[in-house]
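Below is one structure, written out as structure tokens, with a few remarks after it.
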Amino acid sequence: METQTQEKATVWLKPDQVDEMRSATVETSATYLAARNDALIATLYDTGLRVSEAIALDVDDHLDLDDSVIALPADLQKDYPTDRSPSYTEIELADETVRTLRMYLASRWKETAALWPSRQADRMSTESVRNVVRDAAVAADVRPLTLTGRGGPEDVTPHTLRHSVAYRMLNVEEGNTFYDVRNRLRHASIQTTERVYDHIDRV
């Protein structure tokens, strides 16, 4: 299973595979959870947020859809291994992600301060996010790219979506460098970005 240490990315997805996961989660989730699960996967894949950051988001404090940004105060972000405290950051959202979030928020079955409530609680847990992502991958039968070829749907985790942001930026979108990936994923240093993602940058 993938860990969130700053080692080489071992599992990542292509954009069309993430689209397949989103379609699958809408088709297979309970009706009242479908919009949440779709918006959750879309947001993770757009922003590259870590799970701990995503579940800490509150609608009023951290989401500004008029400006298309998610605000990340320092205390929501992961502490760096070097103890260098991250600074306040705003992550720009793609137009499609904003539309997906608006549709989700307009029809939420549970009004909570947290952006992502669960059936059992006002805020999803790390494990519940993992379950949503894995179940979507299994339902879509996606086979992610790995260091040794193709993996199985059960290999897909929320952190896989973070790695997939780097893959998309380096191989699908044009004009991005490792510095752009570093800024998007908020690594402490460019060396971290290169160490984690050098092997997925096509030559």
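Following the order of the structure tokens, first chain is A, next is B, and so on, with residues numbered from 1 inside each chain and ligands from 1 in the order they appear.
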
query: So which residues touch range 32-39 of chain A within 8 Å, counting only C-alpha atoms, skipping near sequence neighbours fewer than 4 positions away, as a list in words?
result: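 Those residues are Arg22, Ser23, Thr25, Val26, Glu27, Thr28, Thr43, Thr97, Thr100, Leu101, Met103, Tyr104, Arg108, Trp109, Trp116 and Val132 of chain A.
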
Next, the residues of the selection above should be written as a PDB file, in the first residue's frame with N, CA, C and O atoms.
```
ATOM      1  N   ARG A  22     -14.836   8.873 -11.738  1.00  0.00           N
ATOM      2  CA  ARG A  22     -15.911   9.805 -11.387  1.00  0.00           C
ATOM      3  C   ARG A  22     -17.253   9.308 -11.913  1.00  0.00           C
ATOM      4  O   ARG A  22     -18.272   9.371 -11.209  1.00  0.00           O
ATOM      5  N   SER A  23     -17.271   8.817 -13.136  1.00  0.00           N
ATOM      6  CA  SER A  23     -18.525   8.282 -13.685  1.00  0.00           C
ATOM      7  C   SER A  23     -18.991   7.085 -12.875  1.00  0.00           C
ATOM      8  O   SER A  23     -20.182   6.949 -12.569  1.00  0.00           O
ATOM      9  N   THR A  25     -18.340   6.360  -9.701  1.00  0.00           N
ATOM     10  CA  THR A  25     -18.805   6.680  -8.351  1.00  0.00           C
ATOM     11  C   THR A  25     -20.206   7.268  -8.384  1.00  0.00           C
ATOM     12  O   THR A  25     -21.008   7.024  -7.487  1.00  0.00           O
ATOM     13  N   VAL A  26     -20.528   8.006  -9.436  1.00  0.00           N
ATOM     14  CA  VAL A  26     -21.891   8.542  -9.567  1.00  0.00           C
ATOM     15  C   VAL A  26     -22.888   7.408  -9.784  1.00  0.00           C
ATOM     16  O   VAL A  26     -23.990   7.409  -9.242  1.00  0.00           O
ATOM     17  N   GLU A  27     -22.482   6.417 -10.579  1.00  0.00           N
ATOM     18  CA  GLU A  27     -23.390   5.319 -10.911  1.00  0.00           C
ATOM     19  C   GLU A  27     -23.581   4.344  -9.754  1.00  0.00           C
ATOM     20  O   GLU A  27     -24.657   3.750  -9.616  1.00  0.00           O
ATOM     21  N   THR A  28     -22.572   4.176  -8.917  1.00  0.00           N
ATOM     22  CA  THR A  28     -22.617   3.107  -7.918  1.00  0.00           C
ATOM     23  C   THR A  28     -22.842   3.596  -6.490  1.00  0.00           C
ATOM     24  O   THR A  28     -23.173   2.789  -5.618  1.00  0.00           O
ATOM     25  N   THR A  43     -12.060  17.265  -6.749  1.00  0.00           N
ATOM     26  CA  THR A  43     -11.273  18.236  -6.001  1.00  0.00           C
ATOM     27  C   THR A  43      -9.876  17.700  -5.693  1.00  0.00           C
ATOM     28  O   THR A  43      -8.873  18.410  -5.855  1.00  0.00           O
ATOM     29  N   THR A  97     -14.161  22.032 -11.857  1.00  0.00           N
ATOM     30  CA  THR A  97     -14.223  21.671 -10.436  1.00  0.00           C
ATOM     31  C   THR A  97     -15.163  22.605  -9.691  1.00  0.00           C
ATOM     32  O   THR A  97     -15.935  22.170  -8.826  1.00  0.00           O
ATOM     33  N   THR A 100     -18.665  21.526 -10.416  1.00  0.00           N
ATOM     34  CA  THR A 100     -18.978  20.296  -9.702  1.00  0.00           C
ATOM     35  C   THR A 100     -19.241  20.571  -8.228  1.00  0.00           C
ATOM     36  O   THR A 100     -20.180  20.023  -7.628  1.00  0.00           O
ATOM     37  N   LEU A 101     -18.419  21.430  -7.621  1.00  0.00           N
ATOM     38  CA  LEU A 101     -18.613  21.781  -6.211  1.00  0.00           C
ATOM     39  C   LEU A 101     -19.911  22.553  -6.007  1.00  0.00           C
ATOM     40  O   LEU A 101     -20.624  22.332  -5.020  1.00  0.00           O
ATOM     41  N   MET A 103     -22.667  22.315  -7.764  1.00  0.00           N
ATOM     42  CA  MET A 103     -23.777  21.367  -7.878  1.00  0.00           C
ATOM     43  C   MET A 103     -23.895  20.530  -6.609  1.00  0.00           C
ATOM     44  O   MET A 103     -24.997  20.292  -6.116  1.00  0.00           O
ATOM     45  N   TYR A 104     -22.760  20.120  -6.081  1.00  0.00           N
ATOM     46  CA  TYR A 104     -22.772  19.327  -4.849  1.00  0.00           C
ATOM     47  C   TYR A 104     -23.320  20.131  -3.678  1.00  0.00           C
ATOM     48  O   TYR A 104     -24.204  19.660  -2.945  1.00  0.00           O
ATOM     49  N   ARG A 108     -26.680  19.288  -1.037  1.00  0.00           N
ATOM     50  CA  ARG A 108     -26.143  18.447   0.050  1.00  0.00           C
ATOM     51  C   ARG A 108     -27.267  17.940   0.938  1.00  0.00           C
ATOM     52  O   ARG A 108     -28.188  18.675   1.287  1.00  0.00           O
ATOM     53  N   TRP A 109     -27.149  16.675   1.333  1.00  0.00           N
ATOM     54  CA  TRP A 109     -28.186  16.088   2.190  1.00  0.00           C
ATOM     55  C   TRP A 109     -27.979  16.458   3.653  1.00  0.00           C
ATOM     56  O   TRP A 109     -28.871  16.322   4.468  1.00  0.00           O
ATOM     57  N   TRP A 116     -16.951  18.103   3.602  1.00  0.00           N
ATOM     58  CA  TRP A 116     -17.240  16.703   3.289  1.00  0.00           C
ATOM     59  C   TRP A 116     -17.805  15.975   4.511  1.00  0.00           C
ATOM     60  O   TRP A 116     -17.064  15.350   5.256  1.00  0.00           O
ATOM     61  N   VAL A 132     -13.983   5.729  -0.497  1.00  0.00           N
ATOM     62  CA  VAL A 132     -14.652   6.323  -1.661  1.00  0.00           C
ATOM     63  C   VAL A 132     -13.767   6.194  -2.899  1.00  0.00           C
ATOM     64  O   VAL A 132     -14.222   5.789  -3.978  1.00  0.00           O
TER      65      VAL A 132
END
```

message: I need the residues in chain A that are alpha helix (DSSP H) according to DSSP; give them as a ChimeraX atom specification.
response: /A:15-28,31-47,51-56,59-62,95-106,126-140,158-171,178-185,190-197

- request: Tell me, as a PyMOL selection string, which residues lie within 8 Å of range 138-142 of chain A, counting only C-alpha atoms; anything in the same chain fewer than 6 positions away does not count.
  value: chain A and resi 17+20-21+23-25+28+152-154

- request: Using only C-alpha atoms, find the one residue out of A:Thr10, A:Asp122, A:Ile200, A:Ala42 that sits nearest to Val172 in chain A.
  value: A:Ile200

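The residue set within 9 Å of Lys8 in chain A, counting only C-alpha atoms and dropping same-chain residues fewer than 4 places from it, reads Arg195, Val196, Tyr197, Asp198 and His199 of chain A.
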
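Residues of range 1-198 of chain A that DSSP places in strand (DSSP E), based on the backbone of this structure, are Val11, Trp12, Leu63, Asp64, Val69, Ile70, Ala71, Leu72, Thr89, Glu90, Ile91, Glu92, Leu145, Thr146, Gly149 and Arg150 of chain A.
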
- prompt: Which residue out of A:Glu96, A:Ala121, A:Asp201, A:Pro86 has the minimum interatomic distance to Ser189 in chain A when only C-alpha atoms are used?
  reply: A:Pro86

- request: In Å, rounded to a single decimal, give me how far CA of Gln191 in chain A is from CA of Ile41 in chain A.
  value: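 A separation of 27.7 Å between them.
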
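Here CA of Thr160 in chain A stands at a distance of 19.8 Å from CA of Leu57 in chain A.
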
message: Just checking: using only C-alpha atoms, which residue out of A:Pro15, A:Leu115, A:Gly149, A:His62 ends up closest to Glu173 in chain A?
response: A:Pro15

Near range 73-78 of chain A, 12 Å: range 155-198 of chain A residue rows, closest pairs, only C-alpha atoms, as a Markdown table:
```
| residue | atom | partner | partner_atom | distance |
| --- | --- | --- | --- | --- |
| A:Leu185 | CA | A:Gln77 | CA | 10.9 |
| A:Arg186 | CA | A:Gln77 | CA | 9.2 |
| A:His187 | CA | A:Lys78 | CA | 9.9 |
| A:Ala188 | CA | A:Lys78 | CA | 10.4 |
```

message: As an exercise, work out the distance from CA of Thr177 in chain A to CA of Glu53 in chain A in Å and give it to one decimal place.
response: 24.3 Å

Best match for closeness to Asp58 in chain A among A:Ala114, A:Leu93, A:Tyr45, A:Ala106, counting only C-alpha atoms: A:Ala114
